[in-house]
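Trainee: Take this structure first; my questions come after.
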2 protein chains.
Amino acid sequence: MPEGVALVPGGSVTSPPGFRAAGVACGLKASGARDIGVLASDRPAVSALVDTANALPAAPVVRNRGLDTSALRAVVVNAGSANAATGSPGVEDAHAMAGRAAVALGLEAAQVAVCSTGTIGDRLALDIVLPGIDAAVAAMGPAGGRDFGAAICTTDRAPKGGAFRVPLPGGGAVTLGIAAKGAGMISPGMATMLAYVTTEAAVAPDDLRRLTAAAAATSFNRISVDGQMSPSDTLLVLANGAGPPLAGEDLERLGAALAAVCRWAAIQMVKDGEGAEHAVRLTVREAADAEEAEAVARAIGNSPLVKTAAAGRDPNWGRIAQSAGHALAGRAGPPALLRVTVDGEEVPGAGAAAVLERAEYDMEVTLGRGAASAVLWWCDLTHAYVTLNAEYHT
Amino acid sequence: MPEGVALVPGGSVTSPPGFRAAGVACGLKASGARDIGVLASDRPAVSALVDTANALPAAPVVRNRGLDTSALRAVVVNAGSANAATGSPGVEDAHAMAGRAAVALGLEAAQVAVCSTGTIGDRLALDIVLPGIDAAVAAMGPAGGRDFGAAICTTDRAPKGGAFRVPLPGGGAVTLGIAAKGAGMISPGMATMLAYVTTEAAVAPDDLRRLTAAAAATSFNRISVDGQMSPSDTLLVLANGAGPPLAGEDLERLGAALAAVCRWAAIQMVKDGEGAEHAVRLTVREAADAEEAEAVARAIGNSPLVKTAAAGRDPNWGRIAQSAGHALAGRAGPPALLRVTVDGEEVPGAGAAAVLERAEYDMEVTLGRGAASAVLWWCDLTHAYVTLNAEYHT
């Protein structure tokens, strides 16, 4: 976190003034857990939304793309069914969710974003979802952020979220709240699975769009659980202006805090990666250019051989070199001279073997081909991932 | 196989006249199994060699690239240590292997290719490898093809190889022998893990190079166990001219048979993929162009979510759509209208669920974006893959 940014004890996505939320159970999750969430600002808000680059986006993403995404005030989310690959009937279902939430909230449908997460390919059970939305809206309150965070989870071991207090250079402070989910099918292409950020700051729409894009690029776009870009990835930032208008240095400070909060949630997704036992912050250094650095980082972080070696606590230099070499196939420039360290210990080596027992560690891979670098957070591939995904049936 | 091409019962890489081989144990494999193989033509041969596109090729690949690969006569192979990522000392070790084999065989070192397969990053134990080469050469004979095939294996469940009789349009016939290995780190970029093809046909060097490149493109370059391109991938074809000189239709018949034999071995690698329980022949149809078709095929075949679904016998349309959408991110053209079948049964569906119990099946994915298609053979991701690769330590 940037200096001075402090976690709000017990905070959530509803910590900034003027936000209410709820999460209730409508029956989509067989476990009976909360599966419908609604989050809204009490007053008109400025918003920014980035979503998946997957060429087969989920129905709610298709529906949201028809909106003015700088003027959203609320979001309704269901977990248990992704309403993805459901064609135009699915898009109609997403419109139905927005419409039902808008009526209950006293808003226009065009002010309500819709997200769905869960299994792909099934139609939504609107007969239980629509009454569920009514129940969620009825339950909304300023303390509902944590229930909202629980309602948007699927295979997550725990909800990801919280709130942070951001002191401003010009005096005063603003709050950033966040609720996020994501554990599998994580290799976001524009944003992430689902993440909602709230703040009472007053920010111009163009500024919020710029800060949101920058935050996504260095957070959700730099994590990978399994290299799989979801069709539902969505990051929504709502700034409701209940607090001070921000410009200049204050605005940039908010931007830095927004990026840090998104990274904080993104890293939680990696730690909560399906079956993950180890979370690794990989830095690739001395690449020929930024694109090459990212390609090498993704090749290493997504290699099932590197990921199983991490699970086996094996400082396997060879598999890292093989992945890097694969990513560099056909590229010009000097051959890579690969140096690998984990928490500063040379790989392979006795020190490295001890580091690999840790639940989290830094890995640095130095190529000697140039001056560019890239960071990627990834996790290991364990038996639990196979069990979860061989058994999590459609 | 093309019409008329027949498996030679009990055949091997030494079935074509004029080839001898052996496989012995020198102690590189802790199990005591055969780990040094030598294969040679009794007479000067025409050869063609394709190797990995990995930017960090193994030392033997680096060493072989200095040769006239149209005039090779023999190959010496060790398993247990890949001599990869060993720098210039590793290249010297590869030269030492070639030199030792050349002396024992009465050839020039420049006529001997070298291959190594096994763990990456360790120096070769030349003190046992060089005497092992002597022992292998001493044991060589026309019946040694199967021992050679066993000696080149690592995590393979069984050697892959055999021989085929190819009738020629102009009358007569020639034999193709093959020995191959490969089970993990399989997503060849130019060739495959290790494959050696022999024939007594007399073929001009340029013709053999052309036929070999074409055969690799439709066989080893179209399989994936885990999406990981090895630094050691090598395909070597030796045509020793003990048989008839081929041109015109006869030559093309040989080329078709060579491609079919390479596919036959490549498919065995997929079936023997580390931990694999299901082998899938995926055809992507109606892509905008060939590159797109291949990208979609690789995205599906390498997706850990699709691969675990296959392991779980789950006809998971959604994960196939998600992978295809990921591969199509940012591409122009009409949106994909994904239709998926397995052995002709629509996915999802009861018929599809039954097909997924089979050890081998065809999967067809139709995009509706154009007229291009691509084929990829892939296998599922099981607990056994994780166990093998989390425990197969450096």
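Lettering and numbering for the structure tokens are positional, with chains as A, B, ... in the shown order, residues counted from 1 in each chain, and ligands counted from 1 in the shown order.
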Fewer than 5 positions away in the same chain doesn't count, so skip those; otherwise give me all residues within 12 Å of stretch 364-369 of chain A, counting only C-alpha atoms, as a CSV table (one decimal) with all heavy atoms, in the first residue's frame.

Mentor:
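Ended up saving to result.csv:
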```
chain,number,residue,atom,x,y,z
A,280,VAL,N,3.1,-17.0,-5.7
A,280,VAL,CA,4.4,-16.5,-6.1
A,280,VAL,C,4.3,-15.2,-6.8
A,280,VAL,O,3.5,-15.0,-7.8
A,280,VAL,CB,5.1,-17.5,-7.1
A,280,VAL,CG1,6.5,-17.1,-7.4
A,280,VAL,CG2,5.1,-18.9,-6.5
A,281,ARG,N,5.1,-14.2,-6.4
A,281,ARG,CA,5.2,-12.9,-7.1
A,281,ARG,C,6.5,-13.0,-8.0
A,281,ARG,O,7.6,-13.0,-7.5
A,281,ARG,CB,5.4,-11.8,-6.1
A,281,ARG,CG,5.5,-10.4,-6.7
A,281,ARG,CD,5.8,-9.4,-5.6
A,281,ARG,NE,5.7,-8.0,-6.2
A,281,ARG,CZ,6.8,-7.4,-6.7
A,281,ARG,NH1,7.9,-8.0,-6.8
A,281,ARG,NH2,6.6,-6.2,-7.2
A,282,LEU,N,6.2,-13.2,-9.3
A,282,LEU,CA,7.3,-13.4,-10.2
A,282,LEU,C,7.7,-12.0,-10.9
A,282,LEU,O,6.8,-11.3,-11.4
A,282,LEU,CB,6.8,-14.3,-11.3
A,282,LEU,CG,7.7,-14.4,-12.6
A,282,LEU,CD1,9.1,-15.0,-12.2
A,282,LEU,CD2,7.1,-15.3,-13.6
A,283,THR,N,8.9,-11.7,-10.9
A,283,THR,CA,9.4,-10.5,-11.6
A,283,THR,C,10.4,-11.0,-12.7
A,283,THR,O,11.4,-11.7,-12.4
A,283,THR,CB,10.2,-9.5,-10.7
A,283,THR,OG1,9.3,-9.2,-9.6
A,283,THR,CG2,10.5,-8.2,-11.5
A,284,VAL,N,10.1,-10.7,-13.9
A,284,VAL,CA,11.0,-11.0,-15.0
A,284,VAL,C,11.8,-9.8,-15.4
A,284,VAL,O,11.2,-8.7,-15.6
A,284,VAL,CB,10.3,-11.5,-16.3
A,284,VAL,CG1,11.2,-11.7,-17.5
A,284,VAL,CG2,9.6,-12.9,-16.0
A,285,ARG,N,13.1,-9.8,-15.3
A,285,ARG,CA,13.9,-8.6,-15.5
A,285,ARG,C,14.8,-8.8,-16.7
A,285,ARG,O,15.1,-9.9,-17.2
A,285,ARG,CB,14.9,-8.5,-14.3
A,285,ARG,CG,14.2,-8.2,-13.0
A,285,ARG,CD,15.2,-7.7,-11.9
A,285,ARG,NE,14.6,-7.7,-10.6
A,285,ARG,CZ,13.7,-6.8,-10.3
A,285,ARG,NH1,13.3,-5.8,-11.1
A,285,ARG,NH2,13.1,-6.8,-9.1
A,286,GLU,N,15.2,-7.7,-17.3
A,286,GLU,CA,16.2,-7.6,-18.4
A,286,GLU,C,15.7,-8.3,-19.6
A,286,GLU,O,16.4,-9.0,-20.3
A,286,GLU,CB,17.6,-8.2,-17.9
A,286,GLU,CG,18.2,-7.4,-16.8
A,286,GLU,CD,19.6,-7.9,-16.4
A,286,GLU,OE1,20.1,-8.8,-17.1
A,286,GLU,OE2,20.2,-7.4,-15.5
A,287,ALA,N,14.4,-8.1,-19.9
A,287,ALA,CA,13.8,-8.6,-21.2
A,287,ALA,C,14.1,-7.5,-22.2
A,287,ALA,O,14.4,-6.4,-21.9
A,287,ALA,CB,12.3,-8.8,-21.0
A,288,ALA,N,14.0,-7.9,-23.5
A,288,ALA,CA,14.2,-7.0,-24.6
A,288,ALA,C,13.2,-5.9,-24.6
A,288,ALA,O,13.5,-4.7,-24.9
A,288,ALA,CB,14.2,-7.7,-26.0
A,289,ASP,N,11.9,-6.2,-24.3
A,289,ASP,CA,10.9,-5.1,-24.3
A,289,ASP,C,9.8,-5.6,-23.3
A,289,ASP,O,9.8,-6.8,-22.9
A,289,ASP,CB,10.4,-4.8,-25.7
A,289,ASP,CG,9.9,-6.0,-26.4
A,289,ASP,OD1,9.1,-6.8,-25.8
A,289,ASP,OD2,10.2,-6.2,-27.6
A,290,ALA,N,8.8,-4.7,-23.1
A,290,ALA,CA,7.8,-5.0,-22.1
A,290,ALA,C,6.9,-6.2,-22.5
A,290,ALA,O,6.6,-7.0,-21.7
A,290,ALA,CB,6.9,-3.8,-21.9
A,292,GLU,N,7.8,-8.7,-24.3
A,292,GLU,CA,8.6,-10.0,-24.1
A,292,GLU,C,8.6,-10.3,-22.6
A,292,GLU,O,8.5,-11.5,-22.3
A,292,GLU,CB,10.0,-9.8,-24.7
A,292,GLU,CG,10.9,-11.0,-24.4
A,292,GLU,CD,12.3,-10.8,-25.0
A,292,GLU,OE1,12.4,-10.7,-26.2
A,292,GLU,OE2,13.3,-10.7,-24.3
A,293,ALA,N,8.8,-9.3,-21.8
A,293,ALA,CA,8.9,-9.6,-20.3
A,293,ALA,C,7.6,-10.2,-19.9
A,293,ALA,O,7.5,-11.2,-19.1
A,293,ALA,CB,9.1,-8.3,-19.6
A,294,GLU,N,6.4,-9.7,-20.4
A,294,GLU,CA,5.1,-10.2,-20.0
A,294,GLU,C,5.0,-11.7,-20.5
A,294,GLU,O,4.4,-12.5,-19.8
A,294,GLU,CB,4.0,-9.3,-20.4
A,294,GLU,CG,2.7,-9.8,-20.0
A,294,GLU,CD,1.5,-8.9,-20.4
A,294,GLU,OE1,1.8,-7.7,-20.8
A,294,GLU,OE2,0.4,-9.4,-20.4
A,296,VAL,N,7.2,-13.9,-21.2
A,296,VAL,CA,8.0,-14.8,-20.4
A,296,VAL,C,7.4,-15.1,-19.1
A,296,VAL,O,7.3,-16.2,-18.6
A,296,VAL,CB,9.5,-14.3,-20.3
A,296,VAL,CG1,10.3,-15.2,-19.3
A,296,VAL,CG2,10.2,-14.3,-21.6
A,297,ALA,N,6.9,-14.0,-18.4
A,297,ALA,CA,6.3,-14.2,-17.1
A,297,ALA,C,5.0,-15.1,-17.2
A,297,ALA,O,4.9,-16.0,-16.4
A,297,ALA,CB,5.9,-12.8,-16.6
A,300,ILE,N,6.0,-18.8,-17.8
A,300,ILE,CA,6.5,-19.4,-16.5
A,300,ILE,C,5.3,-19.7,-15.6
A,300,ILE,O,5.1,-20.8,-15.1
A,300,ILE,CB,7.6,-18.6,-15.9
A,300,ILE,CG1,8.8,-18.5,-16.8
A,300,ILE,CG2,7.9,-19.1,-14.5
A,300,ILE,CD1,9.9,-17.5,-16.3
A,301,GLY,N,4.5,-18.6,-15.3
A,301,GLY,CA,3.4,-18.7,-14.4
A,301,GLY,C,2.3,-19.6,-14.8
A,301,GLY,O,1.6,-20.1,-13.9
A,317,TRP,N,15.1,-25.3,-11.7
A,317,TRP,CA,15.6,-24.3,-12.6
A,317,TRP,C,15.3,-24.7,-14.1
A,317,TRP,O,14.9,-23.9,-14.9
A,317,TRP,CB,17.1,-24.3,-12.4
A,317,TRP,CG,17.8,-23.1,-13.1
A,317,TRP,CD1,18.0,-21.9,-12.6
A,317,TRP,CD2,18.3,-23.1,-14.4
A,317,TRP,NE1,18.7,-21.1,-13.5
A,317,TRP,CE2,18.8,-21.8,-14.7
A,317,TRP,CE3,18.3,-24.0,-15.5
A,317,TRP,CZ2,19.4,-21.4,-15.9
A,317,TRP,CZ3,18.9,-23.6,-16.7
A,317,TRP,CH2,19.4,-22.3,-16.9
A,320,ILE,N,11.8,-23.8,-15.4
A,320,ILE,CA,11.7,-22.4,-15.6
A,320,ILE,C,12.4,-22.0,-16.9
A,320,ILE,O,11.9,-21.2,-17.7
A,320,ILE,CB,12.3,-21.6,-14.4
A,320,ILE,CG1,11.4,-22.0,-13.1
A,320,ILE,CG2,12.3,-20.1,-14.6
A,320,ILE,CD1,12.1,-21.6,-11.8
A,321,ALA,N,13.6,-22.5,-17.1
A,321,ALA,CA,14.4,-22.2,-18.3
A,321,ALA,C,13.6,-22.7,-19.5
A,321,ALA,O,13.5,-22.0,-20.6
A,321,ALA,CB,15.7,-22.9,-18.2
A,323,SER,N,10.3,-23.0,-19.9
A,323,SER,CA,9.2,-22.2,-20.2
A,323,SER,C,9.6,-20.9,-20.8
A,323,SER,O,9.0,-20.4,-21.8
A,323,SER,CB,8.5,-21.8,-18.9
A,323,SER,OG,7.9,-23.0,-18.3
A,324,ALA,N,10.7,-20.3,-20.3
A,324,ALA,CA,11.2,-19.0,-20.8
A,324,ALA,C,11.7,-19.2,-22.2
A,324,ALA,O,11.3,-18.4,-23.1
A,324,ALA,CB,12.4,-18.5,-19.9
A,325,GLY,N,12.3,-20.3,-22.5
A,325,GLY,CA,12.8,-20.6,-23.8
A,325,GLY,C,11.6,-20.8,-24.8
A,325,GLY,O,11.7,-20.3,-26.0
A,327,ALA,N,8.7,-19.3,-24.5
A,327,ALA,CA,8.2,-17.9,-24.8
A,327,ALA,C,9.1,-17.1,-25.7
A,327,ALA,O,8.6,-16.3,-26.5
A,327,ALA,CB,8.0,-17.2,-23.5
A,328,LEU,N,10.4,-17.4,-25.7
A,328,LEU,CA,11.3,-16.6,-26.5
A,328,LEU,C,11.5,-17.2,-27.9
A,328,LEU,O,12.3,-16.7,-28.7
A,328,LEU,CB,12.7,-16.5,-25.8
A,328,LEU,CG,12.7,-15.7,-24.5
A,328,LEU,CD1,14.0,-15.9,-23.7
A,328,LEU,CD2,12.4,-14.2,-24.7
A,331,ARG,N,12.2,-15.2,-31.3
A,331,ARG,CA,12.5,-13.8,-31.0
A,331,ARG,C,13.9,-13.5,-31.3
A,331,ARG,O,14.8,-14.3,-31.1
A,331,ARG,CB,12.2,-13.4,-29.6
A,331,ARG,CG,10.7,-13.4,-29.3
A,331,ARG,CD,10.4,-13.1,-27.8
A,331,ARG,NE,9.0,-13.4,-27.5
A,331,ARG,CZ,8.1,-12.4,-27.5
A,331,ARG,NH1,8.4,-11.1,-27.7
A,331,ARG,NH2,6.8,-12.7,-27.2
A,332,ALA,N,14.2,-12.2,-31.8
A,332,ALA,CA,15.5,-11.8,-32.1
A,332,ALA,C,16.2,-11.4,-30.8
A,332,ALA,O,15.6,-11.3,-29.7
A,332,ALA,CB,15.5,-10.6,-33.1
A,333,GLY,N,17.5,-11.2,-30.9
A,333,GLY,CA,18.3,-10.6,-29.7
A,333,GLY,C,19.2,-11.7,-29.1
A,333,GLY,O,19.1,-12.9,-29.5
A,334,PRO,N,20.0,-11.3,-28.1
A,334,PRO,CA,20.9,-12.2,-27.5
A,334,PRO,C,20.2,-13.4,-26.8
A,334,PRO,O,19.1,-13.2,-26.4
A,334,PRO,CB,21.7,-11.4,-26.5
A,334,PRO,CG,20.8,-10.2,-26.3
A,334,PRO,CD,20.0,-10.0,-27.5
A,335,PRO,N,20.8,-14.5,-26.8
A,335,PRO,CA,20.2,-15.6,-26.1
A,335,PRO,C,20.0,-15.3,-24.6
A,335,PRO,O,20.8,-14.5,-24.0
A,335,PRO,CB,21.2,-16.8,-26.2
A,335,PRO,CG,22.5,-16.1,-26.6
A,335,PRO,CD,22.1,-14.9,-27.3
A,336,ALA,N,19.0,-15.8,-24.0
A,336,ALA,CA,18.8,-15.5,-22.6
A,336,ALA,C,19.8,-16.2,-21.7
A,336,ALA,O,20.2,-17.3,-22.0
A,336,ALA,CB,17.4,-16.0,-22.2
A,337,LEU,N,20.3,-15.5,-20.7
A,337,LEU,CA,21.2,-16.1,-19.7
A,337,LEU,C,20.5,-16.1,-18.4
A,337,LEU,O,20.4,-15.1,-17.7
A,337,LEU,CB,22.5,-15.2,-19.6
A,337,LEU,CG,23.3,-15.1,-20.9
A,337,LEU,CD1,24.3,-14.0,-20.8
A,337,LEU,CD2,24.0,-16.5,-21.1
A,338,LEU,N,19.8,-17.2,-18.2
A,338,LEU,CA,18.8,-17.2,-17.1
A,338,LEU,C,19.4,-17.3,-15.7
A,338,LEU,O,20.1,-18.3,-15.4
A,338,LEU,CB,17.9,-18.4,-17.4
A,338,LEU,CG,16.4,-18.1,-17.2
A,338,LEU,CD1,15.9,-17.2,-18.3
A,338,LEU,CD2,15.6,-19.4,-17.3
A,339,ARG,N,19.0,-16.3,-14.9
A,339,ARG,CA,19.4,-16.4,-13.5
A,339,ARG,C,18.1,-16.4,-12.7
A,339,ARG,O,17.2,-15.6,-13.0
A,339,ARG,CB,20.3,-15.3,-13.1
A,339,ARG,CG,20.7,-15.3,-11.6
A,339,ARG,CD,21.8,-14.3,-11.3
A,339,ARG,NE,22.0,-14.3,-9.9
A,339,ARG,CZ,21.6,-13.3,-9.1
A,339,ARG,NH1,21.2,-12.2,-9.6
A,339,ARG,NH2,21.8,-13.4,-7.8
A,340,VAL,N,17.9,-17.3,-11.8
A,340,VAL,CA,16.6,-17.4,-11.1
A,340,VAL,C,16.9,-17.4,-9.6
A,340,VAL,O,17.8,-18.1,-9.1
A,340,VAL,CB,15.9,-18.7,-11.4
A,340,VAL,CG1,14.6,-18.8,-10.6
A,340,VAL,CG2,15.7,-18.9,-12.9
A,341,THR,N,16.2,-16.5,-8.9
A,341,THR,CA,16.3,-16.5,-7.4
A,341,THR,C,14.8,-16.5,-6.8
A,341,THR,O,13.9,-16.1,-7.5
A,341,THR,CB,16.9,-15.2,-6.9
A,341,THR,OG1,16.2,-14.1,-7.3
A,341,THR,CG2,18.4,-15.1,-7.4
A,342,VAL,N,14.8,-17.1,-5.6
A,342,VAL,CA,13.5,-17.0,-4.8
A,342,VAL,C,13.8,-16.4,-3.5
A,342,VAL,O,14.7,-16.9,-2.8
A,342,VAL,CB,12.9,-18.4,-4.7
A,342,VAL,CG1,12.2,-18.9,-6.0
A,342,VAL,CG2,13.9,-19.5,-4.2
A,343,ASP,N,13.1,-15.4,-3.1
A,343,ASP,CA,13.4,-14.6,-1.9
A,343,ASP,C,14.9,-14.4,-1.8
A,343,ASP,O,15.5,-14.5,-0.7
A,343,ASP,CB,12.9,-15.3,-0.7
A,343,ASP,CG,11.4,-15.0,-0.5
A,343,ASP,OD1,10.8,-14.3,-1.3
A,343,ASP,OD2,10.8,-15.6,0.4
A,344,GLY,N,15.6,-14.1,-2.9
A,344,GLY,CA,17.0,-13.8,-2.9
A,344,GLY,C,17.9,-14.9,-3.0
A,344,GLY,O,19.1,-14.8,-3.1
A,345,GLU,N,17.4,-16.2,-2.8
A,345,GLU,CA,18.3,-17.3,-2.9
A,345,GLU,C,18.4,-17.9,-4.3
A,345,GLU,O,17.4,-18.0,-5.0
A,345,GLU,CB,17.7,-18.4,-2.0
A,345,GLU,CG,17.5,-18.1,-0.5
A,345,GLU,CD,18.9,-18.1,0.2
A,345,GLU,OE1,19.9,-18.7,-0.3
A,345,GLU,OE2,19.0,-17.5,1.3
A,346,GLU,N,19.6,-18.2,-4.7
A,346,GLU,CA,19.9,-18.7,-6.0
A,346,GLU,C,19.2,-20.1,-6.2
A,346,GLU,O,19.2,-21.0,-5.4
A,346,GLU,CB,21.4,-18.9,-6.2
A,346,GLU,CG,21.9,-18.9,-7.6
A,346,GLU,CD,22.0,-17.4,-8.1
A,346,GLU,OE1,22.2,-16.5,-7.3
A,346,GLU,OE2,21.8,-17.3,-9.3
A,347,VAL,N,18.6,-20.3,-7.4
A,347,VAL,CA,18.0,-21.6,-7.8
A,347,VAL,C,18.9,-22.2,-8.9
A,347,VAL,O,19.2,-21.5,-9.9
A,347,VAL,CB,16.6,-21.3,-8.4
A,347,VAL,CG1,16.0,-22.7,-8.9
A,347,VAL,CG2,15.6,-20.7,-7.4
A,352,ALA,N,17.3,-22.1,-1.7
A,352,ALA,CA,16.1,-22.0,-2.5
A,352,ALA,C,15.1,-23.1,-2.0
A,352,ALA,O,13.9,-22.9,-1.9
A,352,ALA,CB,16.4,-22.2,-4.0
A,374,ALA,N,8.6,-7.2,-16.0
A,374,ALA,CA,7.2,-7.4,-15.8
A,374,ALA,C,7.0,-8.2,-14.6
A,374,ALA,O,7.8,-9.0,-14.2
A,374,ALA,CB,6.6,-8.2,-17.0
A,375,VAL,N,5.8,-8.0,-14.0
A,375,VAL,CA,5.4,-8.7,-12.7
A,375,VAL,C,4.2,-9.6,-13.0
A,375,VAL,O,3.3,-9.1,-13.7
A,375,VAL,CB,5.2,-7.7,-11.6
A,375,VAL,CG1,4.6,-8.5,-10.4
A,375,VAL,CG2,6.5,-7.0,-11.2
A,376,LEU,N,4.2,-10.8,-12.5
A,376,LEU,CA,3.0,-11.6,-12.5
A,376,LEU,C,2.8,-12.4,-11.2
A,376,LEU,O,3.8,-12.9,-10.7
A,376,LEU,CB,3.1,-12.6,-13.7
A,376,LEU,CG,1.8,-13.5,-13.9
A,376,LEU,CD1,0.7,-12.8,-14.7
A,376,LEU,CD2,2.2,-14.8,-14.7
A,377,TRP,N,1.6,-12.4,-10.7
A,377,TRP,CA,1.4,-13.2,-9.5
A,377,TRP,C,0.7,-14.5,-10.0
A,377,TRP,O,-0.2,-14.5,-10.7
A,377,TRP,CB,0.4,-12.5,-8.5
A,377,TRP,CG,1.0,-11.4,-7.7
A,377,TRP,CD1,1.6,-11.5,-6.5
A,377,TRP,CD2,1.1,-10.0,-8.1
A,377,TRP,NE1,2.0,-10.3,-6.0
A,377,TRP,CE2,1.7,-9.4,-7.0
A,377,TRP,CE3,0.7,-9.3,-9.2
A,377,TRP,CZ2,1.9,-8.0,-7.0
A,377,TRP,CZ3,0.9,-7.9,-9.2
A,377,TRP,CH2,1.5,-7.3,-8.1
B,55,ALA,N,13.8,-21.3,-27.5
B,55,ALA,CA,14.9,-20.3,-27.6
B,55,ALA,C,16.1,-20.7,-26.7
B,55,ALA,O,17.2,-20.0,-26.8
B,55,ALA,CB,14.5,-18.9,-27.3
B,56,LEU,N,15.9,-21.6,-25.9
B,56,LEU,CA,17.0,-22.1,-25.0
B,56,LEU,C,17.2,-23.6,-25.3
B,56,LEU,O,16.9,-24.5,-24.5
B,56,LEU,CB,16.7,-21.9,-23.5
B,56,LEU,CG,16.6,-20.5,-23.1
B,56,LEU,CD1,16.0,-20.3,-21.7
B,56,LEU,CD2,18.0,-19.9,-23.0
```

Trainee: Name the residues of stretch 87-311 of chain A that fall into alpha helix (DSSP H) according to DSSP on the backbone, using the chain letters and numbers of this document, as number ranges by chain.

Mentor: A: 87-105, 126-139, 145-151, 205-217, 248-271, 290-302, 304-311

Trainee: Could you pull out all residues of stretch 23-264 of chain B with a DSSP call of strand (DSSP E) and give them as a VMD selection string?

Mentor: chain B and resid 23 to 24 36 to 41 46 to 51 74 to 81 112 to 119 160 to 167 173 to 181 194 to 199 223 to 224 234 to 239

Trainee: Quick one: residues within 6 Å of A:Ser70, only C-alpha atoms counted, chain neighbours fewer than 3 positions away excluded, as a ChimeraX atom specification?

Mentor: /A:46-48,205

Trainee: A:Ile36, A:Ala213, A:Ala101, A:Ala96: which is nearest A:Asp51, counting only C-alpha atoms?

Mentor: A:Ala213

Trainee: Give me the residues within 10 Å of A:Thr199 as a PyMOL selection string, counting only C-alpha atoms and dropping any in the same chain fewer than 2 places off.

Mentor: chain A and resi 13-19+41+45-46+163-165+174-178+197+201-203+237-243+254+258
